[in-house]
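entry.txt, holding compact mmCIF, C-alpha atoms:
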# COMPACT_ATOMS: atom_id res chain seq x y z
CA MET T 86 74.86 99.54 55.77
CA LEU T 87 71.92 101.42 54.33
CA ALA T 88 70.20 99.21 51.76
CA LYS T 89 69.17 100.27 48.26
CA ARG T 90 65.40 100.36 48.05
CA ILE T 91 63.05 98.69 45.59
CA ILE T 92 59.81 100.63 45.23
CA PRO T 93 56.80 99.43 43.27
CA CYS T 94 54.70 102.35 42.13
CA LEU T 95 50.94 102.09 41.89
CA ASP T 96 49.16 104.66 39.79
CA ILE T 97 45.71 105.14 41.25
CA LYS T 98 42.61 106.38 39.50
CA ASN T 99 39.27 106.33 41.29
CA GLY T 100 40.54 103.74 43.76
CA ARG T 101 42.03 101.36 41.18
CA THR T 102 45.60 100.74 40.02
CA VAL T 103 46.56 101.81 36.52
CA LYS T 104 49.87 102.22 34.75
CA GLY T 105 50.50 104.37 31.75
CA VAL T 106 52.94 103.45 29.04
CA ASN T 107 54.63 106.74 28.20
CA PHE T 108 51.87 108.26 30.34
CA ILE T 109 49.11 107.32 27.84
CA ASN T 110 47.02 104.13 27.29
CA LEU T 111 46.15 103.23 30.86
CA ILE T 112 45.82 99.55 31.73
CA ASP T 113 44.05 98.35 34.89
CA ALA T 114 46.27 96.23 37.14
CA GLY T 115 44.28 95.54 40.26
CA ASP T 116 43.11 96.61 43.70
CA PRO T 117 45.73 98.89 45.34
CA VAL T 118 45.25 97.63 48.91
CA VAL T 119 45.58 93.98 47.89
CA LEU T 120 48.57 94.80 45.69
CA ALA T 121 50.23 96.83 48.46
CA LYS T 122 49.90 94.04 50.96
CA GLN T 123 51.28 91.52 48.48
CA TYR T 124 54.24 93.74 47.70
CA ALA T 125 55.06 94.18 51.38
CA GLU T 126 55.02 90.40 51.81
CA LYS T 127 57.16 89.91 48.71
CA GLY T 128 59.90 92.18 50.02
CA ALA T 129 59.20 95.62 48.56
CA ASP T 130 60.98 98.21 50.68
CA GLU T 131 58.49 100.96 50.18
CA LEU T 132 55.49 101.83 48.03
CA VAL T 133 54.49 104.88 46.05
CA PHE T 134 50.89 105.66 45.16
CA LEU T 135 50.36 108.28 42.49
CA ASP T 136 46.81 109.52 42.38
CA ILE T 137 45.89 110.48 38.85
CA SER T 138 42.21 111.01 39.61
CA ALA T 139 41.12 114.31 38.22
CA THR T 140 37.94 114.74 40.25
CA LEU T 141 37.25 115.65 43.86
CA GLU T 142 35.29 112.42 44.19
CA GLY T 143 38.27 110.43 42.98
CA ARG T 144 40.55 112.14 45.46
CA LYS T 145 38.23 111.35 48.35
CA THR T 146 38.38 107.71 47.31
CA THR T 147 42.16 107.97 47.49
CA LEU T 148 42.07 109.22 51.09
CA GLU T 149 39.94 106.20 52.03
CA MET T 150 42.43 103.98 50.23
CA VAL T 151 45.36 105.58 52.11
CA LEU T 152 43.68 104.77 55.41
CA LYS T 153 43.14 101.16 54.37
CA VAL T 154 46.73 100.79 53.21
CA ALA T 155 48.02 102.26 56.49
CA GLU T 156 45.87 99.79 58.42
CA GLN T 157 47.07 96.74 56.55
CA VAL T 158 50.59 97.37 55.32
CA ASN T 159 53.73 97.27 57.50
CA ILE T 160 56.16 99.13 55.24
CA PRO T 161 56.34 102.86 54.47
CA PHE T 162 54.44 104.45 51.63
CA THR T 163 54.33 107.74 49.79
CA VAL T 164 51.28 109.34 48.22
CA GLY T 165 51.51 111.78 45.33
CA GLY T 166 49.35 113.41 42.71
CA GLY T 167 47.28 116.55 42.86
CA ILE T 168 48.73 117.75 46.17
CA SER T 169 48.91 121.54 46.26
CA SER T 170 48.54 122.75 49.83
CA VAL T 171 49.58 122.24 53.43
CA GLU T 172 45.99 121.12 54.12
CA ASP T 173 46.16 118.38 51.45
CA VAL T 174 49.32 117.03 53.07
CA ASP T 175 47.92 117.26 56.57
CA LEU T 176 44.95 115.08 55.52
CA LEU T 177 47.16 112.49 53.86
CA LEU T 178 49.59 112.24 56.77
CA LYS T 179 46.72 112.01 59.23
CA SER T 180 45.29 109.17 57.15
CA GLY T 181 48.57 107.30 57.65
CA ALA T 182 50.74 108.18 54.64
CA ASP T 183 54.42 108.34 55.61
CA LYS T 184 55.49 110.75 52.91
CA VAL T 185 53.90 112.85 50.22
CA SER T 186 55.21 113.56 46.78
CA ILE T 187 54.62 116.89 45.08
CA ASN T 188 55.39 117.79 41.50
CA SER T 189 53.58 120.44 39.42
CA SER T 190 52.44 122.36 42.50
CA ALA T 191 56.08 122.78 43.57
CA ILE T 192 57.01 124.15 40.14
CA LYS T 193 54.10 126.59 40.20
CA ARG T 194 54.78 127.67 43.77
CA PRO T 195 58.22 126.54 45.04
CA GLU T 196 57.53 128.00 48.52
CA LEU T 197 55.23 125.03 49.07
CA ILE T 198 58.34 122.89 49.59
CA ASN T 199 59.51 125.19 52.41
CA GLU T 200 56.06 125.27 53.97
CA LEU T 201 55.72 121.49 54.00
CA SER T 202 59.25 120.91 55.22
CA ASP T 203 58.83 123.47 58.04
CA LYS T 204 55.50 122.09 59.16
CA PHE T 205 55.92 118.34 58.75
CA GLY T 206 59.69 117.87 58.46
CA SER T 207 61.73 117.29 55.32
CA GLN T 208 61.63 113.52 55.92
CA CYS T 209 58.10 113.34 54.54
CA VAL T 210 58.53 115.69 51.57
CA VAL T 211 59.38 113.97 48.29
CA VAL T 212 59.63 116.20 45.25
CA ALA T 213 58.90 114.35 42.01
CA ILE T 214 60.54 115.73 38.90
CA ASP T 215 59.54 114.65 35.38
CA ALA T 216 62.13 115.64 32.81
CA LYS T 217 62.95 115.07 29.19
CA GLN T 218 65.93 115.94 27.02
CA ILE T 219 65.31 118.76 24.56
CA ASP T 220 68.27 119.59 22.31
CA GLY T 221 70.57 117.78 24.72
CA GLN T 222 69.28 119.62 27.79
CA TRP T 223 67.20 118.06 30.52
CA LYS T 224 64.05 120.16 30.86
CA VAL T 225 61.51 119.77 33.63
CA HIS T 226 57.96 119.04 32.49
CA LEU T 227 54.60 119.78 34.10
CA ALA T 228 51.29 117.98 34.39
CA GLY T 229 52.34 114.35 34.16
CA GLY T 230 55.03 115.21 31.67
CA SER T 231 52.90 116.86 29.01
CA ILE T 232 53.96 120.53 29.33
CA PRO T 233 57.61 121.55 28.98
CA THR T 234 58.99 124.31 31.23
CA GLU T 235 62.12 126.42 31.00
CA LEU T 236 63.49 124.81 34.17
CA ASP T 237 66.75 122.91 33.91
CA LEU T 238 66.56 119.56 35.71
CA PHE T 239 69.76 119.98 37.71
CA GLU T 240 69.10 123.58 38.72
CA TRP T 241 65.58 122.75 39.78
CA ALA T 242 66.77 119.69 41.72
CA LYS T 243 69.30 121.86 43.59
CA GLU T 244 66.62 124.41 44.43
CA VAL T 245 64.29 121.68 45.63
CA GLU T 246 66.99 120.38 47.97
CA THR T 247 67.75 123.88 49.29
CA ARG T 248 64.07 124.49 49.98
CA GLY T 249 63.89 121.42 52.20
CA ALA T 250 62.89 118.38 50.15
CA GLY T 251 63.88 115.13 51.85
CA GLU T 252 64.12 113.14 48.66
CA ILE T 253 63.83 113.48 44.88
CA LEU T 254 61.88 111.11 42.66
CA PHE T 255 63.28 111.64 39.19
CA THR T 256 61.36 110.26 36.23
CA SER T 257 62.97 110.39 32.83
CA MET T 258 60.17 110.75 30.33
CA ASP T 259 62.55 109.70 27.59
CA HIS T 260 62.83 106.35 29.36
CA ASP T 261 59.42 105.90 30.99
CA GLY T 262 57.51 103.01 29.48
CA THR T 263 60.34 102.02 27.16
CA LYS T 264 61.72 99.18 29.35
CA ASP T 265 65.17 100.16 28.05
CA GLY T 266 66.76 101.02 31.39
CA PHE T 267 66.96 104.04 33.68
CA ALA T 268 68.49 107.44 32.80
CA ASN T 269 71.71 106.64 34.61
CA GLU T 270 73.83 109.54 33.40
CA ALA T 271 71.37 112.11 34.67
CA LEU T 272 70.85 110.08 37.84
CA LEU T 273 74.58 109.97 38.49
CA GLN T 274 74.80 113.74 38.14
CA LEU T 275 71.85 114.23 40.51
CA SER T 276 73.20 111.77 43.01
CA THR T 277 76.70 113.20 43.12
CA THR T 278 75.73 116.88 43.17
CA LEU T 279 72.93 116.64 45.73
CA ASN T 280 73.03 115.47 49.32
CA ILE T 281 69.54 113.97 49.57
CA PRO T 282 68.41 110.52 48.38
CA ILE T 283 67.47 110.09 44.71
CA ILE T 284 64.84 107.63 43.50
CA ALA T 285 65.28 106.48 39.90
CA SER T 286 62.11 106.11 37.87
CA GLY T 287 61.27 105.37 34.27
CA GLY T 288 62.65 102.64 32.07
CA ALA T 289 62.84 99.49 34.21
CA GLY T 290 62.56 96.42 31.98
CA THR T 291 65.07 93.87 33.24
CA ILE T 292 66.92 92.97 36.43
CA GLN T 293 70.13 94.27 34.86
CA HIS T 294 68.55 97.72 34.58
CA PHE T 295 68.25 97.82 38.37
CA VAL T 296 71.86 96.67 38.81
CA ASP T 297 72.92 99.44 36.42
CA THR T 298 70.99 102.21 38.10
CA PHE T 299 72.52 101.41 41.48
CA GLN T 300 76.05 100.89 40.14
CA LYS T 301 76.23 103.43 37.31
CA GLY T 302 73.52 105.89 38.33
CA LYS T 303 74.34 105.74 42.08
CA SER T 304 70.60 105.86 42.74
CA ASP T 305 69.47 105.33 46.31
CA ALA T 306 66.25 103.62 45.29
CA ALA T 307 64.59 102.40 42.12
CA LEU T 308 60.94 102.66 41.30
CA ALA T 309 58.99 100.66 38.75
CA ALA T 310 55.43 99.68 38.02
CA SER T 311 54.48 97.39 35.18
CA VAL T 312 57.43 94.99 35.46
CA PHE T 313 56.21 94.26 38.98
CA HIS T 314 52.46 94.49 38.39
CA PHE T 315 52.50 92.06 35.50
CA GLY T 316 54.99 89.70 37.17
CA LYS T 317 57.79 90.20 34.66
CA ILE T 318 60.22 90.68 37.57
CA GLU T 319 59.72 89.12 41.00
CA ILE T 320 61.12 91.28 43.80
CA LYS T 321 62.70 88.25 45.45
CA ASP T 322 64.64 87.34 42.28
CA LEU T 323 65.57 90.97 41.76
CA LYS T 324 66.99 91.37 45.27
CA GLU T 325 68.96 88.13 45.05
CA ALA T 326 70.49 89.30 41.79
CA LEU T 327 71.35 92.67 43.30
CA LYS T 328 72.98 90.97 46.26
CA LYS T 329 75.08 88.82 43.92
CA ASN T 330 76.28 92.06 42.38
CA ASN T 331 77.38 93.27 45.83
CA ILE T 332 74.56 95.76 46.10
CA GLU T 333 73.24 96.07 49.65
CA VAL T 334 69.59 95.02 49.81
CA ARG T 335 67.19 93.95 52.52
CA ILE T 336 66.43 90.25 52.07
CA MET C 151 46.26 95.69 78.56
CA ASN C 152 45.91 99.43 78.63
CA ILE C 153 48.21 100.97 76.00
CA VAL C 154 48.46 104.71 75.42
CA ILE C 155 49.99 106.41 72.41
CA ILE C 156 50.84 109.98 73.35
CA ASP C 157 49.07 112.23 70.84
CA TYR C 158 50.57 115.71 71.09
CA GLY C 159 50.37 116.82 67.48
CA ALA C 160 53.83 115.77 66.31
CA GLY C 161 53.53 112.09 65.68
CA ASN C 162 52.64 109.53 63.08
CA THR C 163 50.20 108.27 65.70
CA LYS C 164 47.90 106.62 63.18
CA SER C 165 50.62 104.31 61.85
CA VAL C 166 51.67 103.32 65.36
CA GLN C 167 48.05 102.70 66.32
CA PHE C 168 47.47 100.54 63.24
CA ALA C 169 50.62 98.52 63.94
CA CYS C 170 49.36 97.80 67.47
CA ASN C 171 45.98 96.83 65.99
CA ARG C 172 47.68 94.36 63.65
CA LEU C 173 49.26 92.75 66.73
CA GLY C 174 45.84 92.43 68.32
CA TYR C 175 46.04 95.41 70.73
CA ASP C 176 43.75 98.39 70.92
CA PRO C 177 45.71 101.43 72.09
CA ILE C 178 44.22 104.81 73.06
CA LEU C 179 45.49 108.01 71.44
CA THR C 180 45.52 110.80 74.02
CA ASN C 181 47.42 113.71 75.53
CA SER C 182 45.58 113.42 78.85
CA SER C 183 48.03 113.23 81.76
CA GLU C 184 45.57 111.11 83.75
CA LEU C 185 45.18 108.50 81.01
CA ILE C 186 48.92 108.43 80.33
CA LYS C 187 49.72 107.95 84.03
CA ALA C 188 47.18 105.11 84.31
CA ALA C 189 48.45 103.18 81.26
CA ASP C 190 50.31 99.86 81.41
CA LYS C 191 52.45 100.81 78.45
CA VAL C 192 53.15 104.22 76.94
CA ILE C 193 54.28 104.81 73.36
CA PHE C 194 55.79 108.21 72.61
CA PRO C 195 56.07 108.72 68.84
CA GLY C 196 57.28 111.78 67.03
CA VAL C 197 58.13 113.07 63.59
CA GLY C 198 59.03 116.51 62.31
CA HIS C 199 61.11 119.24 63.90
CA ALA C 200 62.42 118.78 67.45
CA SER C 201 61.79 122.32 68.65
CA ASN C 202 58.17 122.30 67.38
CA ALA C 203 57.53 118.96 69.03
CA MET C 204 59.06 120.12 72.31
CA LYS C 205 56.92 123.25 72.23
CA MET C 206 53.81 121.10 71.85
CA LEU C 207 54.88 118.89 74.75
CA GLN C 208 55.38 121.98 76.90
CA GLU C 209 51.98 123.39 75.99
CA SER C 210 50.27 120.29 77.37
CA GLY C 211 52.62 119.90 80.34
CA LEU C 212 53.80 116.54 79.02
CA ASP C 213 57.46 117.62 79.19
CA VAL C 214 57.14 117.47 82.99
CA LEU C 215 55.02 114.32 83.10
CA ILE C 216 56.91 112.01 80.73
CA PRO C 217 60.23 111.75 82.65
CA THR C 218 58.32 110.84 85.84
CA LEU C 219 56.46 107.87 84.31
CA LYS C 220 57.06 104.49 85.99
CA GLN C 221 55.57 102.04 83.45
CA PRO C 222 57.47 100.94 80.31
CA VAL C 223 57.74 103.86 77.85
CA LEU C 224 58.82 103.50 74.22
CA GLY C 225 60.03 106.60 72.38
CA ILE C 226 59.99 106.20 68.60
CA CYS C 227 62.18 108.26 66.23
CA LEU C 228 61.85 111.89 67.33
CA GLY C 229 60.18 110.57 70.49
CA MET C 230 63.44 108.79 71.32
CA GLN C 231 65.49 111.88 70.51
CA LEU C 232 63.36 114.07 72.76
CA LEU C 233 64.07 111.68 75.65
CA CYS C 234 67.78 112.53 75.31
CA ASN C 235 69.61 115.44 76.96
CA ALA C 236 69.51 117.80 74.02
CA THR C 237 69.39 117.85 70.25
CA GLU C 238 71.22 120.08 67.80
CA GLU C 239 67.99 120.41 65.83
CA GLY C 240 66.85 123.92 66.71
CA ALA C 241 69.22 123.75 69.74
CA THR C 242 66.42 122.02 71.65
CA LYS C 243 66.75 120.90 75.25
CA GLY C 244 65.41 117.37 75.69
CA LEU C 245 63.68 115.58 78.54
CA GLY C 246 67.00 114.29 79.89
CA VAL C 247 66.07 110.65 80.41
CA PHE C 248 68.88 109.26 78.26
CA ASP C 249 72.23 110.80 79.08
CA VAL C 250 73.30 111.50 75.51
CA GLN C 251 73.34 114.26 72.91
CA VAL C 252 71.58 114.14 69.54
CA ILE C 253 73.67 115.57 66.71
CA ARG C 254 73.38 116.00 62.94
CA PHE C 255 74.84 113.56 60.43
CA SER C 256 77.86 115.00 58.64
CA ASP C 257 77.52 116.03 55.00
CA LYS C 258 79.72 113.08 54.02
CA VAL C 259 76.51 111.04 53.87
CA LYS C 260 73.16 111.89 52.33
CA VAL C 261 70.90 113.56 54.87
CA PRO C 262 68.30 112.46 55.85
CA GLN C 263 69.26 108.82 56.10
CA MET C 264 66.22 107.29 54.49
CA GLY C 265 65.51 103.59 54.21
CA TRP C 266 66.44 100.22 55.67
CA ASN C 267 69.58 99.76 57.69
CA THR C 268 70.75 97.04 60.06
CA ILE C 269 70.74 97.08 63.85
CA SER C 270 73.42 95.14 65.72
CA ASN C 271 74.83 94.48 69.19
CA LEU C 272 71.26 93.92 70.34
CA LYS C 273 70.64 93.96 74.07
CA THR C 274 67.60 93.50 76.34
CA ASN C 275 64.31 91.70 75.80
CA LEU C 276 63.16 94.40 73.41
CA PHE C 277 65.06 92.46 70.74
CA MET C 278 64.11 88.97 71.86
CA GLY C 279 63.94 86.62 68.87
CA LEU C 280 65.54 89.13 66.49
CA LYS C 281 68.62 88.32 64.48
CA ASN C 282 71.70 90.47 64.77
CA ASN C 283 71.78 92.79 61.72
CA ALA C 284 68.01 92.75 61.27
CA TYR C 285 66.87 95.49 58.90
CA MET C 286 64.76 98.35 60.24
CA TYR C 287 63.24 101.37 58.51
CA LEU C 288 64.84 104.67 59.48
CA VAL C 289 64.27 108.26 58.43
CA HIS C 290 66.32 110.85 60.29
CA SER C 291 68.86 113.65 59.99
CA TYR C 292 70.04 113.63 63.62
CA TYR C 293 71.34 110.73 65.69
CA ALA C 294 72.10 109.84 69.30
CA GLU C 295 75.75 109.03 69.92
CA LEU C 296 76.80 105.73 71.44
CA CYS C 297 76.53 105.78 75.23
CA ASP C 298 75.96 103.63 78.32
CA ASN C 299 72.25 103.46 77.44
CA THR C 300 72.84 102.05 73.93
CA ILE C 301 71.04 98.73 73.33
CA ALA C 302 71.35 98.62 69.52
CA GLN C 303 73.66 100.32 67.08
CA THR C 304 73.61 101.21 63.41
CA ASN C 305 76.23 102.52 61.03
CA TYR C 306 75.65 105.40 58.64
CA GLY C 307 78.96 107.16 58.15
CA VAL C 308 79.23 106.91 61.92
CA THR C 309 78.16 104.21 64.39
CA TYR C 310 75.36 105.54 66.54
CA SER C 311 72.61 104.45 68.95
CA SER C 312 69.62 103.04 67.09
CA ALA C 313 68.05 102.03 70.41
CA LEU C 314 68.47 103.19 74.01
CA LYS C 315 67.28 101.96 77.39
CA LYS C 316 67.38 103.39 80.87
CA ASN C 317 65.25 101.97 83.68
CA ASN C 318 61.67 101.78 82.34
CA PHE C 319 62.45 103.97 79.31
CA TYR C 320 63.16 102.54 75.87
CA GLY C 321 63.84 104.47 72.71
CA VAL C 322 64.19 103.33 69.11
CA GLN C 323 65.42 105.53 66.29
CA PHE C 324 63.84 103.24 63.69
CA HIS C 325 60.12 102.90 63.01
CA PRO C 326 58.98 99.50 64.33
CA GLU C 327 55.51 100.26 62.96
CA LYS C 328 56.95 100.45 59.43
CA SER C 329 59.70 97.84 59.64
CA SER C 330 57.86 94.80 58.34
CA LEU C 331 57.76 91.63 60.47
CA GLU C 332 60.96 92.43 62.38
CA GLY C 333 59.56 95.79 63.43
CA GLU C 334 56.38 94.10 64.60
CA ASP C 335 58.54 91.75 66.71
CA VAL C 336 60.10 94.74 68.48
CA LEU C 337 56.72 96.33 69.10
CA ARG C 338 55.31 93.02 70.37
CA ASN C 339 58.32 92.55 72.67
CA PHE C 340 57.77 96.01 74.13
CA LEU C 341 54.08 95.38 74.69
CA ASN C 342 54.94 92.05 76.36
CA LEU C 343 57.48 93.57 78.79

Have the structure of the file written as structure tokens, please.
Amino acid sequence: MLAKRIIPCLDIKNGRTVKGVNFINLIDAGDPVVLAKQYAEKGADELVFLDISATLEGRKTTLEMVLKVAEQVNIPFTVGGGISSVEDVDLLLKSGADKVSINSSAIKRPELINELSDKFGSQCVVVAIDAKQIDGQWKVHLAGGSIPTELDLFEWAKEVETRGAGEILFTSMDHDGTKDGFANEALLQLSTTLNIPIIASGGAGTIQHFVDTFQKGKSDAALAASVFHFGKIEIKDLKEALKKNNIEVRI
Amino acid sequence: MNIVIIDYGAGNTKSVQFACNRLGYDPILTNSSELIKAADKVIFPGVGHASNAMKMLQESGLDVLIPTLKQPVLGICLGMQLLCNATEEGATKGLGVFDVQVIRFSDKVKVPQMGWNTISNLKTNLFMGLKNNAYMYLVHSYYAELCDNTIAQTNYGVTYSSALKKNNFYGVQFHPEKSSLEGEDVLRNFLNL
């Protein structure tokens, strides 16, 4: 049976790992290559690197980091952040990334999803969606969650699937950084109306939150950062608890 | 040992190369027929769309060369699928090494299958030392049906071939280069054949 995936996410700025709480107040949490290797050994199923470097220099550093991770790490990883063209993706995949994640660039120019899926295959195209509830409606947000758009989460997610995304990484900004649990109602709706895998992101604080997102949210994978980076949850303990709850995991 | 990874523009060649490096081998990436013919072991990776990949093989004449190879050959993911008779993806004719069709998963399951699934009913030395139901990393929308060449199977809505073997040709649907220690075991077993 296909296992549910546990995905530590490493936010990268100028070659270092950082994690924002509600996307502000960045705290340094280590060297990404060392962390990645440790996570692979500890049983992470996959890794996501989100490059939040704003400068060209910073992005070059990320490419070097991608190469080093590919050399040393024996599980798949996704790279996201600032990707806006077929050329950007080509460079990342050639450096050894398994998948790329696009977000704002897909909202600004949705055809990018088609172009990437046609050229590289949908299996390597993850579309990240940041959304927040405004007057009871889930609205997609741009630029790391700071700019609201008119796009409805579920309509946009459907369009993303139709255009050839292989996977959706959904971050609830209402939950991100709160450690109060994932947005399981929205996740359930995404998971049951779409036919591609959904990664839950935003809100992980306890092991029970992971159990809930797989059982109630029907998520295919769950992503978290600080609970793993600061050792609040060990992946081994997490997976054993999931298994006890009859959730298929790779142990 | 002289290991060649076929580099024809449709593969995650870098990841496969790095995985071989981690095992202490130093493979060559090439699309040269001469180098491929002279290799002790040939790895044939592939990701992306079947018809694009087949077109690139045809452009370099590798579609004719590959089925005639005599040394151990390992097709990975799309590489394995291209070694089959035909695939529904873009109605592409394959290289015809494995006598089986590649078809799309039904919409009853999420497509692509993405993540870690188990392989069972393991046969041949490719899986020496591996436990039945070992987890491997898979990403694919099309699958090879069960057949006489099946040496490992996986279930995802349907039970299908996650590995194939015929004569000197091996194929794995999963990514040994991305499947943690168990994947490295499979790759090492192949290189030790």

7 Å contacts from chain T to chain C using all atoms listed in the file, as a ChimeraX atom specification: /T:86-88,90,155-156,159-161,179,181,205-206,208,251,280-282,335

Atomic separation - atom CA of Asn342 of chain C relative to atom CA of Lys153 of chain T, Å: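 A separation of 26.6 Å between them.
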
Interatomic distance (Å, one decimal) between atom CA of Ser210 of chain C and atom CA of Val171 of chain T: 24.0 Å

Neighbour list for segment 99-102 of chain T as a PDB file with C-alpha atoms, keeping the file's coordinate frame, cut-off 10 Å, all atoms listed in the file, skip fewer than 3 positions in-chain:
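Just written: selection39.pdb:
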ATOM      1  CA  CYS T  94      54.700 102.350  42.130  1.00  0.00           C
ATOM      2  CA  LEU T  95      50.940 102.090  41.890  1.00  0.00           C
ATOM      3  CA  ASP T  96      49.160 104.660  39.790  1.00  0.00           C
ATOM      4  CA  LEU T 111      46.150 103.230  30.860  1.00  0.00           C
ATOM      5  CA  ILE T 112      45.820  99.550  31.730  1.00  0.00           C
ATOM      6  CA  ASP T 113      44.050  98.350  34.890  1.00  0.00           C
ATOM      7  CA  ALA T 114      46.270  96.230  37.140  1.00  0.00           C
ATOM      8  CA  GLY T 115      44.280  95.540  40.260  1.00  0.00           C
ATOM      9  CA  ASP T 116      43.110  96.610  43.700  1.00  0.00           C
ATOM     10  CA  PRO T 117      45.730  98.890  45.340  1.00  0.00           C
ATOM     11  CA  VAL T 118      45.250  97.630  48.910  1.00  0.00           C
ATOM     12  CA  LEU T 120      48.570  94.800  45.690  1.00  0.00           C
ATOM     13  CA  PHE T 134      50.890 105.660  45.160  1.00  0.00           C
ATOM     14  CA  LEU T 135      50.360 108.280  42.490  1.00  0.00           C
ATOM     15  CA  ASP T 136      46.810 109.520  42.380  1.00  0.00           C
ATOM     16  CA  ILE T 137      45.890 110.480  38.850  1.00  0.00           C
ATOM     17  CA  SER T 138      42.210 111.010  39.610  1.00  0.00           C
ATOM     18  CA  ALA T 139      41.120 114.310  38.220  1.00  0.00           C
ATOM     19  CA  THR T 140      37.940 114.740  40.250  1.00  0.00           C
ATOM     20  CA  LEU T 141      37.250 115.650  43.860  1.00  0.00           C
ATOM     21  CA  GLU T 142      35.290 112.420  44.190  1.00  0.00           C
ATOM     22  CA  GLY T 143      38.270 110.430  42.980  1.00  0.00           C
ATOM     23  CA  ARG T 144      40.550 112.140  45.460  1.00  0.00           C
ATOM     24  CA  LYS T 145      38.230 111.350  48.350  1.00  0.00           C
ATOM     25  CA  THR T 146      38.380 107.710  47.310  1.00  0.00           C
ATOM     26  CA  THR T 147      42.160 107.970  47.490  1.00  0.00           C
ATOM     27  CA  LEU T 148      42.070 109.220  51.090  1.00  0.00           C
ATOM     28  CA  GLU T 149      39.940 106.200  52.030  1.00  0.00           C
ATOM     29  CA  MET T 150      42.430 103.980  50.230  1.00  0.00           C
ATOM     30  CA  VAL T 151      45.360 105.580  52.110  1.00  0.00           C
ATOM     31  CA  HIS T 314      52.460  94.490  38.390  1.00  0.00           C
TER      32      HIS T 314
END

Spatial neighbours of Val336 of chain C, 6 Å, all atoms listed in the file, chain gap at least 3 places, as a list in words: Leu276, Phe277, Gly333 and Asn339 of chain C

Selection as number ranges by chain: residues within 10 Å of (57.1, 94.3, 35.9), counting all atoms listed in the file: T: 93, 264, 289-292, 309-320

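Among the candidates C:Ile216, C:Lys315, C:Val247, C:Met151, the residue lying nearest to Lys191 of chain C is C:Met151 (atoms considered: all atoms listed in the file).
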
Residues within 7 Å of Thr300 of chain C, all atoms listed in the file, excluding chain neighbours under 5 positions, as a PyMOL selection string: chain C and resi 311+313-315

Interatomic distance (Å, one decimal) between atom CA of Gly262 of chain T and atom CA of Ser286 of chain T: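 Separation between atom CA of Gly262 of chain T and atom CA of Ser286 of chain T: 10.1 Å.
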
Proximity check segment 254-340 of chain C to segment 235-242 of chain C, 9 Å, nearest pairs one decimal Å, all atoms listed in the file, as CSV:
residue,atom,partner,partner_atom,distance
C:Arg254,CA,C:Glu238,CA,6.7
C:Ser291,CA,C:Glu239,CA,9.0
C:Tyr292,CA,C:Glu239,CA,7.4
C:Tyr293,CA,C:Thr237,CA,8.7
C:Ala294,CA,C:Thr237,CA,8.5

Residues near Leu275 of chain T, cut-off 7 Å, all atoms listed in the file, skip fewer than 4 positions along chain, as number ranges by chain: T: 239, 271, 279

Distance criterion (all atoms listed in the file): nearest to Lys281 of chain C out of C:Leu228, C:Ser182, C:Asp335, C:Val223: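 Of C:Leu228, C:Ser182, C:Asp335, C:Val223, the one nearest Lys281 of chain C is C:Asp335, counting all atoms listed in the file.
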
Contacts of Ile91 of chain T within 8 Å, only C-alpha atoms, excl. fewer than 2 positions in-chain, as a list in words: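 Once the adjacent positions are removed, what remains is Lys89, Pro93, Ala129, Asp130, Glu131, Ala306, Ala307, Leu308 and Ile320 of chain T.
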
Now that the selection is made, can you save its residues with C-alpha atoms as an mmCIF file, in the coordinates of the input?
data_model
loop_
_atom_site.group_PDB
_atom_site.id
_atom_site.type_symbol
_atom_site.label_atom_id
_atom_site.label_comp_id
_atom_site.auth_asym_id
_atom_site.auth_seq_id
_atom_site.Cartn_x
_atom_site.Cartn_y
_atom_site.Cartn_z
ATOM 1 C CA LYS T 89 69.170 100.270 48.260
ATOM 2 C CA PRO T 93 56.800 99.430 43.270
ATOM 3 C CA ALA T 129 59.200 95.620 48.560
ATOM 4 C CA ASP T 130 60.980 98.210 50.680
ATOM 5 C CA GLU T 131 58.490 100.960 50.180
ATOM 6 C CA ALA T 306 66.250 103.620 45.290
ATOM 7 C CA ALA T 307 64.590 102.400 42.120
ATOM 8 C CA LEU T 308 60.940 102.660 41.300
ATOM 9 C CA ILE T 320 61.120 91.280 43.800
#

Supply segment 199-204 of chain T as a PDB file, in the frame of the given file, with N, CA and C atoms built in where the input has gaps.
ATOM      1  N   ASN T 199      59.099 124.653  51.108  1.00  0.00           N
ATOM      2  CA  ASN T 199      59.510 125.190  52.410  1.00  0.00           C
ATOM      3  C   ASN T 199      58.412 125.016  53.449  1.00  0.00           C
ATOM      4  N   GLU T 200      57.184 125.337  53.028  1.00  0.00           N
ATOM      5  CA  GLU T 200      56.060 125.270  53.970  1.00  0.00           C
ATOM      6  C   GLU T 200      55.870 123.843  54.503  1.00  0.00           C
ATOM      7  N   LEU T 201      55.933 122.889  53.593  1.00  0.00           N
ATOM      8  CA  LEU T 201      55.720 121.490  54.000  1.00  0.00           C
ATOM      9  C   LEU T 201      56.871 121.001  54.870  1.00  0.00           C
ATOM     10  N   SER T 202      58.086 121.364  54.475  1.00  0.00           N
ATOM     11  CA  SER T 202      59.250 120.910  55.220  1.00  0.00           C
ATOM     12  C   SER T 202      59.266 121.535  56.617  1.00  0.00           C
ATOM     13  N   ASP T 203      58.874 122.812  56.723  1.00  0.00           N
ATOM     14  CA  ASP T 203      58.830 123.470  58.040  1.00  0.00           C
ATOM     15  C   ASP T 203      57.765 122.851  58.923  1.00  0.00           C
ATOM     16  N   LYS T 204      56.618 122.562  58.338  1.00  0.00           N
ATOM     17  CA  LYS T 204      55.500 122.090  59.160  1.00  0.00           C
ATOM     18  C   LYS T 204      55.593 120.608  59.498  1.00  0.00           C
TER      19      LYS T 204
END
